[in-house]
Amino acid sequence: QVQLVESGGGLVQPGGSLRLSCVASGISLSLYDAIWYRQAPGKQRELVAAIPRIGLTNYADSVKGRFTISRDNAQNTIYLQMNDLRPEDTAVYYCNTIRGPRNYWGEGTLVTVSS
């Protein structure tokens, strides 16, 4: 059974930093693309950052230069380092990967950016 478990969210002041983690079980993330999405209240879910199995990472324009996606294959974990956080980054952040016809999601971790 595939599980993705996000952690690392919380309340942070504008300009602060957080690092999100997504730990996988039942699947080797090193073999697949992995993506961080987020969903703000009243808005649609949007792609934040993606790390392909092979190739370059890519980012939403709104987070370029502030967020960094990475993977640790030994820990079967995907990270999202978020710096210079802004109130508009407030959202639930979800980890995602796709294996064949199946699309796997975690439960999400809430990030709140507020003073």
# chains A, B, ... in the order shown; residues from 1 in each chain; ligands from 1

$ select_by_dssp --residues "chain A" --states "helix (DSSP H, G or I)" --output "PyMOL selection string"
chain A and resi 29-31+73-75+87-89

$ write_last_selection --atoms "N, CA, C and O atoms" --output "compact mmCIF listing (two decimals), in the first residue's frame"
# COMPACT_ATOMS: atom_id res chain seq x y z
N LEU A 29 10.25 6.52 -4.36
CA LEU A 29 10.09 7.81 -5.03
C LEU A 29 11.20 8.10 -6.03
O LEU A 29 11.02 8.90 -6.94
N SER A 30 12.35 7.44 -5.86
CA SER A 30 13.47 7.69 -6.77
C SER A 30 13.13 7.28 -8.20
O SER A 30 13.78 7.73 -9.14
N LEU A 31 12.11 6.45 -8.37
CA LEU A 31 11.75 5.94 -9.69
C LEU A 31 10.70 6.80 -10.40
O LEU A 31 10.37 6.53 -11.57
N ASN A 73 16.93 10.03 -1.81
CA ASN A 73 16.50 8.68 -2.20
C ASN A 73 16.73 7.68 -1.08
O ASN A 73 15.95 6.73 -0.92
N ALA A 74 17.78 7.86 -0.31
CA ALA A 74 18.05 6.92 0.78
C ALA A 74 16.95 6.97 1.84
O ALA A 74 16.62 5.95 2.46
N GLN A 75 16.36 8.15 2.03
CA GLN A 75 15.27 8.32 3.00
C GLN A 75 13.90 8.20 2.35
O GLN A 75 12.89 8.28 3.04
N PRO A 87 2.36 36.00 3.02
CA PRO A 87 1.00 35.61 3.39
C PRO A 87 0.28 34.83 2.29
O PRO A 87 -0.51 33.92 2.59
N GLU A 88 0.57 35.13 1.05
CA GLU A 88 -0.10 34.44 -0.05
C GLU A 88 0.40 33.01 -0.24
O GLU A 88 -0.15 32.26 -1.06
N ASP A 89 1.42 32.62 0.51
CA ASP A 89 1.86 31.22 0.49
C ASP A 89 1.03 30.35 1.44
O ASP A 89 1.20 29.13 1.48

$ select_by_dssp --residues "chain A" --states "strand (DSSP E or B)" --output "ChimeraX atom specification"
/A:3-7,10-12,18-25,34-39,46-51,58-59,67-72,77-82,91-99,102-105,109-113

$ residues_around --residues "Asp61 (chain A)" --least-positions-apart "4" --cutoff "10 Å" --atoms "only C-alpha atoms" --output "PyMOL selection string"
chain A and resi 48-49+65

$ closest_residue --among "A:Pro101, A:Val113, A:Val92, A:Ser25" --to "Gln44 (chain A)" --atoms "only C-alpha atoms"
A:Val92

$ residues_around --residues "Thr112 (chain A)" --least-positions-apart "4" --cutoff "9 Å" --atoms "only C-alpha atoms" --output "compact mmCIF listing (two decimals) with C-alpha atoms, in the first residue's frame"
# COMPACT_ATOMS: atom_id res chain seq x y z
CA GLY A 9 3.94 22.83 8.19
CA GLY A 10 3.07 25.41 10.79
CA LEU A 11 2.67 29.08 11.56
CA VAL A 12 5.47 31.35 10.42
CA GLN A 13 5.89 35.09 10.13
CA PRO A 87 1.00 35.61 3.39
CA ASP A 89 1.86 31.22 0.49
CA THR A 90 -0.69 30.23 3.13
CA ALA A 91 -2.19 26.93 2.02
CA VAL A 92 -2.34 23.22 2.59

$ residues_around --residues "Tyr94 (chain A)" --least-positions-apart "6" --cutoff "8 Å" --atoms "only C-alpha atoms" --output "list of chain:residue names"
A:Glu6, A:Trp36, A:Tyr37, A:Arg38, A:Trp105, A:Gly106, A:Glu107, A:Gly108, A:Thr109
